[in-house]
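The structure file work_28.cif is reproduced below (mmCIF, C-alpha atoms and all ligand atoms).
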```cif
data_start
loop_
_atom_site.group_PDB
_atom_site.id
_atom_site.type_symbol
_atom_site.label_atom_id
_atom_site.label_comp_id
_atom_site.auth_asym_id
_atom_site.auth_seq_id
_atom_site.Cartn_x
_atom_site.Cartn_y
_atom_site.Cartn_z
ATOM 1 C CA MET A 251 -15.538 24.998 14.181
ATOM 2 C CA ASP A 252 -12.062 23.676 13.425
ATOM 3 C CA LEU A 253 -11.052 22.119 10.122
ATOM 4 C CA ALA A 254 -11.490 18.527 11.295
ATOM 5 C CA GLU A 255 -15.049 19.307 12.436
ATOM 6 C CA GLU A 256 -15.781 21.092 9.138
ATOM 7 C CA ILE A 257 -14.669 17.992 7.232
ATOM 8 C CA LEU A 258 -16.835 15.689 9.330
ATOM 9 C CA LYS A 259 -19.859 17.962 8.786
ATOM 10 C CA LEU A 260 -19.249 18.167 5.044
ATOM 11 C CA LYS A 261 -18.751 14.420 4.872
ATOM 12 C CA LYS A 262 -22.212 13.836 6.359
ATOM 13 C CA GLU A 263 -23.901 16.375 4.063
ATOM 14 C CA LYS A 264 -22.320 14.891 0.960
ATOM 15 C CA ARG A 265 -22.675 11.212 1.980
ATOM 16 C CA ALA A 266 -18.939 10.790 1.669
ATOM 17 C CA VAL A 267 -16.604 8.276 3.259
ATOM 18 C CA ILE A 268 -12.950 8.956 4.073
ATOM 19 C CA LEU A 269 -10.490 6.100 3.592
ATOM 20 C CA ALA A 270 -6.919 6.731 4.721
ATOM 21 C CA HIS A 271 -3.802 4.668 4.213
ATOM 22 C CA ASN A 272 -1.690 3.716 7.243
ATOM 23 C CA TYR A 273 0.994 6.228 6.090
ATOM 24 C CA GLN A 274 -1.273 9.277 6.216
ATOM 25 C CA ARG A 275 -0.581 12.168 8.581
ATOM 26 C CA PRO A 276 -1.958 11.543 12.115
ATOM 27 C CA GLU A 277 -4.636 14.244 11.833
ATOM 28 C CA ILE A 278 -5.994 12.568 8.674
ATOM 29 C CA GLN A 279 -5.944 9.077 10.220
ATOM 30 C CA ASP A 280 -7.879 10.510 13.181
ATOM 31 C CA ILE A 281 -10.820 11.771 11.104
ATOM 32 C CA ALA A 282 -10.952 8.851 8.649
ATOM 33 C CA ASP A 283 -13.811 6.343 8.636
ATOM 34 C CA TYR A 284 -11.297 3.636 8.015
ATOM 35 C CA VAL A 285 -7.485 3.395 8.170
ATOM 36 C CA GLY A 286 -5.797 0.416 6.581
ATOM 37 C CA ASP A 287 -3.379 -1.194 4.139
ATOM 38 C CA SER A 288 -3.954 -1.262 0.396
ATOM 39 C CA ILE A 289 -6.077 -4.428 0.234
ATOM 40 C CA GLU A 290 -8.248 -3.444 3.200
ATOM 41 C CA LEU A 291 -8.912 -0.020 1.697
ATOM 42 C CA SER A 292 -9.873 -1.501 -1.706
ATOM 43 C CA ARG A 293 -12.216 -3.901 0.065
ATOM 44 C CA LYS A 294 -13.735 -1.071 2.137
ATOM 45 C CA ALA A 295 -14.254 1.028 -0.989
ATOM 46 C CA MET A 296 -16.367 -1.814 -2.467
ATOM 47 C CA GLU A 297 -18.329 -2.328 0.750
ATOM 48 C CA GLU A 298 -19.414 1.317 1.104
ATOM 49 C CA LYS A 299 -22.726 0.819 -0.667
ATOM 50 C CA ASN A 300 -24.369 3.995 0.716
ATOM 51 C CA ALA A 301 -21.553 6.450 0.068
ATOM 52 C CA GLU A 302 -21.704 8.648 -3.015
ATOM 53 C CA ILE A 303 -18.197 10.016 -2.654
ATOM 54 C CA ILE A 304 -15.028 8.224 -1.564
ATOM 55 C CA VAL A 305 -12.221 10.501 -0.393
ATOM 56 C CA PHE A 306 -9.193 8.273 -0.798
ATOM 57 C CA SER A 307 -6.391 9.774 1.241
ATOM 58 C CA ALA A 308 -3.350 7.969 -0.138
ATOM 59 C CA VAL A 309 -1.496 7.985 -3.478
ATOM 60 C CA ASP A 310 -2.573 7.716 -7.122
ATOM 61 C CA PHE A 311 -2.659 3.952 -7.642
ATOM 62 C CA MET A 312 -4.831 3.314 -4.573
ATOM 63 C CA ALA A 313 -7.418 5.922 -5.619
ATOM 64 C CA GLU A 314 -7.329 4.499 -9.156
ATOM 65 C CA SER A 315 -8.104 1.010 -7.838
ATOM 66 C CA ALA A 316 -11.058 2.406 -5.876
ATOM 67 C CA ALA A 317 -12.324 4.165 -9.026
ATOM 68 C CA ILE A 318 -11.945 0.971 -11.079
ATOM 69 C CA LEU A 319 -13.841 -1.084 -8.499
ATOM 70 C CA ASN A 320 -16.556 1.578 -8.015
ATOM 71 C CA PRO A 321 -17.354 3.016 -11.440
ATOM 72 C CA ASN A 322 -20.559 4.645 -10.131
ATOM 73 C CA LYS A 323 -18.938 6.562 -7.275
ATOM 74 C CA LYS A 324 -16.943 9.764 -7.229
ATOM 75 C CA VAL A 325 -13.421 8.979 -5.986
ATOM 76 C CA LEU A 326 -11.409 12.004 -4.836
ATOM 77 C CA LEU A 327 -7.668 12.139 -4.164
ATOM 78 C CA PRO A 328 -6.889 15.082 -1.804
ATOM 79 C CA THR A 329 -3.708 15.944 -3.764
ATOM 80 C CA LEU A 330 -3.344 15.084 -7.441
ATOM 81 C CA GLY A 331 0.456 15.172 -7.195
ATOM 82 C CA ALA A 332 0.523 12.316 -4.664
ATOM 83 C CA ARG A 333 1.993 9.712 -6.976
ATOM 84 C CA CYS A 334 3.841 6.557 -5.953
ATOM 85 C CA PRO A 335 7.246 6.601 -7.684
ATOM 86 C CA MET A 336 7.416 2.809 -7.716
ATOM 87 C CA ALA A 337 4.184 2.633 -9.715
ATOM 88 C CA GLN A 338 5.753 4.956 -12.300
ATOM 89 C CA MET A 339 8.704 2.558 -12.735
ATOM 90 C CA LEU A 340 6.688 0.052 -14.755
ATOM 91 C CA THR A 341 5.630 1.107 -18.236
ATOM 92 C CA VAL A 342 3.285 -0.673 -20.626
ATOM 93 C CA GLU A 343 6.160 -0.815 -23.151
ATOM 94 C CA GLU A 344 8.287 -2.743 -20.646
ATOM 95 C CA ILE A 345 5.425 -5.149 -19.923
ATOM 96 C CA LYS A 346 4.927 -5.812 -23.642
ATOM 97 C CA ARG A 347 8.666 -6.335 -24.156
ATOM 98 C CA VAL A 348 8.906 -8.885 -21.317
ATOM 99 C CA LYS A 349 5.681 -10.675 -22.311
ATOM 100 C CA LYS A 350 7.130 -11.214 -25.789
ATOM 101 C CA LEU A 351 10.191 -12.855 -24.237
ATOM 102 C CA HIS A 352 8.032 -15.081 -21.960
ATOM 103 C CA PRO A 353 4.787 -15.609 -23.903
ATOM 104 C CA ASN A 354 3.230 -18.342 -21.724
ATOM 105 C CA THR A 355 4.254 -17.041 -18.312
ATOM 106 C CA PRO A 356 1.599 -15.411 -16.089
ATOM 107 C CA LEU A 357 2.140 -11.803 -15.072
ATOM 108 C CA VAL A 358 1.322 -10.844 -11.471
ATOM 109 C CA LEU A 359 1.323 -7.131 -10.682
ATOM 110 C CA TYR A 360 1.569 -5.547 -7.267
ATOM 111 C CA VAL A 361 -1.278 -3.049 -6.820
ATOM 112 C CA ASN A 362 1.424 -0.350 -6.688
ATOM 113 C CA THR A 363 1.049 0.061 -10.472
ATOM 114 C CA LEU A 364 -0.890 2.404 -12.704
ATOM 115 C CA ALA A 365 -4.231 1.240 -14.143
ATOM 116 C CA VAL A 366 -2.762 0.978 -17.658
ATOM 117 C CA SER A 367 -0.253 -1.569 -16.348
ATOM 118 C CA LYS A 368 -2.858 -3.504 -14.339
ATOM 119 C CA ALA A 369 -4.865 -3.809 -17.556
ATOM 120 C CA GLU A 370 -1.976 -5.850 -19.038
ATOM 121 C CA CYS A 371 -1.604 -8.377 -16.218
ATOM 122 C CA ASP A 372 -3.261 -11.691 -15.336
ATOM 123 C CA ILE A 373 -3.843 -10.960 -11.667
ATOM 124 C CA CYS A 374 -3.015 -8.314 -9.052
ATOM 125 C CA CYS A 375 -1.650 -8.782 -5.544
ATOM 126 C CA THR A 376 -0.785 -6.660 -2.516
ATOM 127 C CA SER A 377 2.012 -7.074 0.012
ATOM 128 C CA ALA A 378 -0.536 -8.852 2.245
ATOM 129 C CA ASN A 379 -1.355 -11.638 -0.230
ATOM 130 C CA ALA A 380 1.475 -11.767 -2.836
ATOM 131 C CA THR A 381 2.638 -15.232 -1.717
ATOM 132 C CA LYS A 382 -0.894 -16.652 -1.728
ATOM 133 C CA ILE A 383 -1.631 -15.239 -5.193
ATOM 134 C CA VAL A 384 1.572 -16.625 -6.733
ATOM 135 C CA GLU A 385 1.027 -20.004 -5.032
ATOM 136 C CA SER A 386 -2.474 -20.178 -6.526
ATOM 137 C CA LEU A 387 -1.140 -20.049 -10.088
ATOM 138 C CA ASN A 388 -0.594 -23.242 -12.004
ATOM 139 C CA ALA A 389 2.898 -22.178 -13.136
ATOM 140 C CA ASP A 390 6.453 -22.710 -11.865
ATOM 141 C CA THR A 391 7.693 -19.460 -13.390
ATOM 142 C CA VAL A 392 5.926 -16.147 -12.852
ATOM 143 C CA LEU A 393 6.551 -12.604 -14.090
ATOM 144 C CA PHE A 394 6.192 -10.192 -11.171
ATOM 145 C CA GLY A 395 6.443 -6.429 -10.835
ATOM 146 C CA PRO A 396 7.264 -3.740 -10.125
ATOM 147 C CA ASP A 397 8.921 -4.251 -6.709
ATOM 148 C CA ARG A 398 12.086 -6.336 -6.905
ATOM 149 C CA ASN A 399 12.308 -6.832 -3.134
ATOM 150 C CA LEU A 400 8.731 -8.133 -2.964
ATOM 151 C CA ALA A 401 9.426 -10.341 -6.011
ATOM 152 C CA GLU A 402 12.427 -11.925 -4.280
ATOM 153 C CA TYR A 403 10.445 -12.313 -1.039
ATOM 154 C CA VAL A 404 7.745 -14.206 -2.975
ATOM 155 C CA GLN A 405 10.387 -16.367 -4.651
ATOM 156 C CA ARG A 406 11.834 -17.346 -1.271
ATOM 157 C CA LYS A 407 8.377 -18.082 0.148
ATOM 158 C CA THR A 408 6.969 -20.059 -2.802
ATOM 159 C CA GLY A 409 10.096 -21.675 -4.278
ATOM 160 C CA LYS A 410 8.833 -20.670 -7.744
ATOM 161 C CA GLN A 411 11.012 -18.876 -10.245
ATOM 162 C CA ILE A 412 10.059 -15.205 -10.207
ATOM 163 C CA ILE A 413 11.155 -12.933 -13.041
ATOM 164 C CA PRO A 414 11.117 -9.293 -11.864
ATOM 165 C CA VAL A 415 9.537 -6.745 -14.223
ATOM 166 C CA PRO A 416 11.209 -4.271 -14.576
ATOM 167 C CA GLU A 417 14.514 -5.709 -13.460
ATOM 168 C CA TRP A 418 14.957 -3.062 -10.748
ATOM 169 C CA GLY A 419 11.725 -1.642 -9.399
ATOM 170 C CA PHE A 420 11.876 -0.326 -5.843
ATOM 171 C CA CYS A 421 10.319 1.910 -3.219
ATOM 172 C CA PRO A 422 12.678 4.849 -2.517
ATOM 173 C CA THR A 423 11.374 5.122 1.063
ATOM 174 C CA HIS A 424 11.811 1.468 2.043
ATOM 175 C CA LEU A 425 15.243 1.324 0.435
ATOM 176 C CA LEU A 426 16.461 3.769 3.104
ATOM 177 C CA PHE A 427 16.331 1.128 5.844
ATOM 178 C CA GLN A 428 19.712 -0.412 6.708
ATOM 179 C CA PRO A 429 20.357 -3.559 8.788
ATOM 180 C CA GLU A 430 23.151 -1.667 10.613
ATOM 181 C CA ASP A 431 20.577 0.727 12.068
ATOM 182 C CA VAL A 432 18.525 -2.212 13.332
ATOM 183 C CA GLN A 433 21.604 -3.818 14.893
ATOM 184 C CA LEU A 434 22.374 -0.602 16.816
ATOM 185 C CA LEU A 435 18.786 -0.335 18.024
ATOM 186 C CA LYS A 436 18.793 -4.006 19.024
ATOM 187 C CA MET A 437 21.826 -3.343 21.239
ATOM 188 C CA GLN A 438 19.833 -0.649 23.065
ATOM 189 C CA HIS A 439 16.601 -2.701 23.131
ATOM 190 C CA PRO A 440 17.624 -6.373 23.144
ATOM 191 C CA ASP A 441 14.094 -7.633 23.790
ATOM 192 C CA ALA A 442 12.537 -5.656 20.962
ATOM 193 C CA LYS A 443 10.817 -7.430 18.068
ATOM 194 C CA VAL A 444 11.695 -6.227 14.570
ATOM 195 C CA ILE A 445 8.815 -5.833 12.087
ATOM 196 C CA VAL A 446 9.459 -4.843 8.462
ATOM 197 C CA HIS A 447 7.645 -4.403 5.162
ATOM 198 C CA PRO A 448 8.561 -6.736 2.241
ATOM 199 C CA GLU A 449 9.507 -3.666 0.157
ATOM 200 C CA CYS A 450 12.659 -3.509 2.333
ATOM 201 C CA THR A 451 15.822 -5.227 1.070
ATOM 202 C CA HIS A 452 16.466 -8.911 1.796
ATOM 203 C CA GLU A 453 19.279 -7.894 4.192
ATOM 204 C CA MET A 454 16.794 -5.790 6.108
ATOM 205 C CA GLN A 455 14.163 -8.566 6.023
ATOM 206 C CA LYS A 456 16.745 -10.941 7.525
ATOM 207 C CA THR A 457 16.858 -8.788 10.687
ATOM 208 C CA ALA A 458 13.090 -9.146 11.155
ATOM 209 C CA ASP A 459 10.954 -11.271 13.457
ATOM 210 C CA PHE A 460 8.012 -10.529 11.195
ATOM 211 C CA VAL A 461 7.653 -9.416 7.551
ATOM 212 C CA GLY A 462 4.254 -8.257 6.313
ATOM 213 C CA SER A 463 1.949 -5.573 4.993
ATOM 214 C CA THR A 464 1.351 -2.456 7.089
ATOM 215 C CA SER A 465 -1.871 -3.821 8.607
ATOM 216 C CA GLN A 466 -0.368 -7.270 9.139
ATOM 217 C CA MET A 467 2.355 -5.521 11.175
ATOM 218 C CA CYS A 468 -0.398 -3.931 13.303
ATOM 219 C CA VAL A 469 -1.953 -7.350 13.949
ATOM 220 C CA TYR A 470 1.447 -8.823 14.848
ATOM 221 C CA ALA A 471 2.252 -5.963 17.257
ATOM 222 C CA LYS A 472 -1.092 -6.345 19.010
ATOM 223 C CA LYS A 473 -0.945 -10.098 19.518
ATOM 224 C CA THR A 474 2.765 -10.321 20.405
ATOM 225 C CA ASN A 475 3.737 -10.023 24.061
ATOM 226 C CA ALA A 476 6.868 -7.922 23.475
ATOM 227 C CA LYS A 477 6.831 -4.379 24.867
ATOM 228 C CA THR A 478 9.127 -2.781 22.268
ATOM 229 C CA PHE A 479 9.070 -2.968 18.459
ATOM 230 C CA ILE A 480 11.591 -1.711 15.904
ATOM 231 C CA VAL A 481 9.628 -0.787 12.792
ATOM 232 C CA GLY A 482 10.877 -0.979 9.186
ATOM 233 C CA THR A 483 8.243 0.849 7.222
ATOM 234 C CA GLU A 484 7.062 4.396 6.516
ATOM 235 C CA GLU A 485 6.789 6.488 9.687
ATOM 236 C CA GLY A 486 3.013 7.096 9.352
ATOM 237 C CA LEU A 487 2.324 3.575 10.613
ATOM 238 C CA LEU A 488 3.730 4.493 14.037
ATOM 239 C CA HIS A 489 0.745 6.724 14.766
ATOM 240 C CA ARG A 490 -1.637 3.795 14.361
ATOM 241 C CA LEU A 491 0.646 1.358 16.188
ATOM 242 C CA ARG A 492 0.908 3.730 19.181
ATOM 243 C CA LYS A 493 -2.810 4.480 19.191
ATOM 244 C CA ASP A 494 -3.719 0.771 19.105
ATOM 245 C CA ASN A 495 -1.097 -0.199 21.712
ATOM 246 C CA PRO A 496 -0.661 2.629 24.235
ATOM 247 C CA ASP A 497 1.334 0.387 26.596
ATOM 248 C CA LYS A 498 3.931 -0.592 23.960
ATOM 249 C CA LYS A 499 6.916 1.270 22.533
ATOM 250 C CA PHE A 500 7.507 1.665 18.774
ATOM 251 C CA ILE A 501 10.814 2.861 17.333
ATOM 252 C CA LEU A 502 11.259 3.705 13.652
ATOM 253 C CA ALA A 503 14.304 1.818 12.315
ATOM 254 C CA TYR A 504 15.374 4.914 10.373
ATOM 255 C CA ASP A 505 14.070 8.382 11.202
ATOM 256 C CA GLY A 506 14.144 9.604 7.615
ATOM 257 C CA ALA A 507 11.781 6.930 6.281
ATOM 258 C CA ILE A 508 9.056 9.240 5.027
ATOM 259 C CA CYS A 509 7.091 8.813 1.811
ATOM 260 C CA PRO A 510 6.877 12.417 0.545
ATOM 261 C CA ASN A 511 3.982 11.534 -1.740
ATOM 262 C CA MET A 512 1.820 10.072 1.015
ATOM 263 C CA LYS A 513 2.548 13.167 3.080
ATOM 264 C CA LEU A 514 1.313 15.558 0.364
ATOM 265 C CA ASN A 515 -2.218 15.026 1.650
ATOM 266 C CA THR A 516 -3.115 17.519 4.363
ATOM 267 C CA LEU A 517 -6.374 18.238 6.198
ATOM 268 C CA ASP A 518 -6.624 21.462 4.256
ATOM 269 C CA ARG A 519 -6.275 19.774 0.852
ATOM 270 C CA LEU A 520 -8.683 17.050 1.861
ATOM 271 C CA TYR A 521 -11.233 19.680 2.920
ATOM 272 C CA THR A 522 -10.908 21.584 -0.386
ATOM 273 C CA ALA A 523 -11.139 18.419 -2.488
ATOM 274 C CA LEU A 524 -14.332 17.375 -0.687
ATOM 275 C CA LYS A 525 -15.912 20.848 -0.646
ATOM 276 C CA GLU A 526 -15.285 21.465 -4.342
ATOM 277 C CA GLU A 527 -15.573 17.776 -5.307
ATOM 278 C CA LYS A 528 -12.356 18.183 -7.221
ATOM 279 C CA ASN A 529 -9.450 15.870 -8.046
ATOM 280 C CA VAL A 530 -11.858 13.216 -9.283
ATOM 281 C CA ILE A 531 -9.977 10.064 -10.274
ATOM 282 C CA LYS A 532 -11.363 8.526 -13.455
ATOM 283 C CA VAL A 533 -10.047 5.513 -15.315
ATOM 284 C CA PRO A 534 -11.194 5.382 -18.937
ATOM 285 C CA GLU A 535 -12.460 2.273 -20.737
ATOM 286 C CA PRO A 536 -11.261 -0.245 -21.865
ATOM 287 C CA VAL A 537 -8.405 0.097 -19.338
ATOM 288 C CA ALA A 538 -10.844 0.139 -16.382
ATOM 289 C CA SER A 539 -12.579 -3.134 -17.369
ATOM 290 C CA GLN A 540 -9.299 -4.924 -18.024
ATOM 291 C CA ALA A 541 -7.752 -3.742 -14.753
ATOM 292 C CA ARG A 542 -10.989 -4.614 -12.869
ATOM 293 C CA LYS A 543 -10.673 -8.224 -14.050
ATOM 294 C CA ALA A 544 -7.141 -8.452 -12.603
ATOM 295 C CA LEU A 545 -8.238 -6.910 -9.287
ATOM 296 C CA LYS A 546 -11.348 -9.116 -9.048
ATOM 297 C CA ARG A 547 -9.269 -12.246 -9.685
ATOM 298 C CA MET A 548 -7.172 -11.241 -6.688
ATOM 299 C CA PHE A 549 -10.296 -10.917 -4.521
ATOM 300 C CA GLU A 550 -11.533 -14.339 -5.711
ATOM 301 C CA ILE A 551 -8.371 -15.901 -4.317
ATOM 302 C CA ASN A 552 -7.996 -13.621 -1.314
ATOM 303 C CA GLY A 553 -11.566 -12.556 -0.511
HETATM 304 P P1 LIG B 601 0.533 -1.890 2.285
HETATM 305 O O1 LIG B 601 -0.455 -2.531 1.378
HETATM 306 O O2 LIG B 601 1.324 -2.871 3.095
HETATM 307 O O3 LIG B 601 -0.120 -0.869 3.164
HETATM 308 O O4 LIG B 601 1.639 -1.177 1.404
HETATM 309 C C1 LIG B 601 1.393 -0.127 0.545
HETATM 310 C C2 LIG B 601 2.608 0.637 0.260
HETATM 311 O O5 LIG B 601 2.594 1.540 -0.523
HETATM 312 C C3 LIG B 601 3.824 0.263 0.948
HETATM 313 O O6 LIG B 601 4.822 1.161 0.634
HETATM 314 FE FE1 LIG B 602 5.052 4.099 -3.124
HETATM 315 FE FE2 LIG B 602 6.970 3.572 -1.368
HETATM 316 FE FE3 LIG B 602 5.349 5.616 -0.951
HETATM 317 FE FE4 LIG B 602 4.470 3.088 -0.707
HETATM 318 S S1 LIG B 602 5.998 4.133 0.560
HETATM 319 S S2 LIG B 602 3.424 4.765 -1.751
HETATM 320 S S3 LIG B 602 5.634 2.098 -2.366
HETATM 321 S S4 LIG B 602 6.829 5.372 -2.626
#
```
Mind turning the file's structure into structure tokens?
Amino acid sequence: MDLAEEILKLKKEKRAVILAHNYQRPEIQDIADYVGDSIELSRKAMEEKNAEIIVFSAVDFMAESAAILNPNKKVLLPTLGARCPMAQMLTVEEIKRVKKLHPNTPLVLYVNTLAVSKAECDICCTSANATKIVESLNADTVLFGPDRNLAEYVQRKTGKQIIPVPEWGFCPTHLLFQPEDVQLLKMQHPDAKVIVHPECTHEMQKTADFVGSTSQMCVYAKKTNAKTFIVGTEEGLLHRLRKDNPDKKFILAYDGAICPNMKLNTLDRLYTALKEEKNVIKVPEPVASQARKALKRMFEING
């Protein structure tokens, strides 16, 4: 039996479910019960009523959200070191400092934050619903973190004043994309559609036909007639895009756009985590309850 088959057997025995983010290695996406963006995976984690174990193949903050939303389930992260650097850029101290400066301004936090930060905010959002969440608030000025590019995207979309917290939070992988690379690729593929993630810079977003979350990009690619797509997000998404659209061509806008943390998860590590039921993600109280409120508010607005 090969490793993938061993995992599937173990998964059945242990009543486990495997959720994998769109950036996971192809061999992990292929054995997962569900592959999706951050909001879809959180939703799936809540829907899995019969599972006792959730193997969350992604990075720290996503597994933490699953643990917060499912306090009675065992949530396993295949590799404990898989930590999103953007989430580490926002500290509780910084949140408290900014809140003091803007006492009556709501704080919206991207799910790419640690649980201790989520516990300090009014409501969470993902790249798929950030605009909708900010629009739903009865406030013209909103504190938003930690991604500055997403904050500016939301400002452009809503017309509200968005104060980024911290001033310069960013995703090191998405910052690698350059509009010049897209222009060169467009010369070679003039009919191609450009799809990018809102964590890319505004200059990069300006080259795009569509800006959205990883799964929203998949929906766009499927329903759009174009045959070629230039993709501005982490390279893992190309596996899913190609699998879903075998007749279409997908070109990564920059070959080096790899999230090293997402790629720390391997089949081997996933197998060991499940077999030994190790790398359990736990969020202590009262942080878990506070963060749960912010996540649940998001689901109330974007169900
Ligand atoms: P999505 O929710 O769009 O999948 O984004 C998560 C992420 O980490 C992007 O870098
Ligand atoms: Fe974090 Fe960027 Fe990796 Fe997404 S791609 S998990 S934002 S470092």
Practice problem: Using all atoms listed in the file, find each residue with an atom at most 6 Å away from ligand LIG 601 (chain B) and format the answer as a PyMOL selection string. | Solution: chain A and resi 287-288+376-377+463-464
Would you tabulate, counting all atoms listed in the file, all residues of chain A that have an atom at most 8 Å from an atom of ligand LIG 602 (chain B), showing the closest pair of atoms and their distance in Å to one decimal, sorted by chain then ascending number, as a tab-separated table?
```
residue	atom	partner	partner_atom	distance
A:Tyr273	CA	B:LIG602	S1	7.7
A:Ala308	CA	B:LIG602	S2	7.7
A:Val309	CA	B:LIG602	S2	6.1
A:Arg333	CA	B:LIG602	S2	7.3
A:Cys334	CA	B:LIG602	FE1	3.9
A:Pro335	CA	B:LIG602	S4	5.2
A:Met336	CA	B:LIG602	FE1	5.3
A:Ala337	CA	B:LIG602	FE1	6.8
A:Asn362	CA	B:LIG602	S3	6.5
A:Phe420	CA	B:LIG602	S3	7.5
A:Cys421	CA	B:LIG602	FE2	4.2
A:Pro422	CA	B:LIG602	S4	5.9
A:Thr423	CA	B:LIG602	FE2	5.3
A:His424	CA	B:LIG602	FE2	6.3
A:Glu449	CA	B:LIG602	S3	7.4
A:Thr483	CA	B:LIG602	S1	7.8
A:Glu484	CA	B:LIG602	S1	6.1
A:Ile508	CA	B:LIG602	S1	7.4
A:Cys509	CA	B:LIG602	FE3	4.6
A:Pro510	CA	B:LIG602	FE3	7.1
A:Asn511	CA	B:LIG602	FE3	6.1
A:Met512	CA	B:LIG602	FE3	6.0
```
Quiz item: Using all atoms listed in the file, which of the listed residues (A:Val469, A:Leu435, A:Met548, A:Leu291) sits closest to A:Gly482?
Solution: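 Of A:Val469, A:Leu435, A:Met548, A:Leu291, the one nearest A:Gly482, counting all atoms listed in the file, is A:Leu435.
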Practice problem: Could you pull out every residue with an atom within 9 Å of (5.9, -13.5, -17.5), file coordinates, counting only C-alpha atoms, and send them as an MDAnalysis selection string? | Solution: chainID A and resid 345 348:358 391:394 412:415
Quiz item: Out of A:Ile373, A:Val384, A:Leu491, A:Ala503, which residue has the shortest atom-to-atom distance to A:Lys407 when counting all atoms listed in the file?
Solution: A:Val384
Quiz prompt | Evaluate the PyMOL selection byres (((chain A and resi 475) around 12) and not hetatm) and report residues as a PyMOL selection string | solution = chain A and resi 441-443+469-474+476-479+495+497-499
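Across A:Leu387, A:Ala301, A:Ile268, A:Leu327, the tightest approach to A:Arg547 is made by A:Leu387 when counting only C-alpha atoms.
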Practice problem: Run the PyMOL selection byres (((chain A and resi 456-462) around 7) and not hetatm) on the file and write out the hits as a list of chain:residue names. | Solution: A:Ser377, A:Ala378, A:Pro429, A:Lys443, A:Val444, A:Ile445, A:Val446, A:His447, A:Pro448, A:His452, A:Glu453, A:Met454, A:Gln455, A:Ser463, A:Thr464, A:Gln466, A:Met467
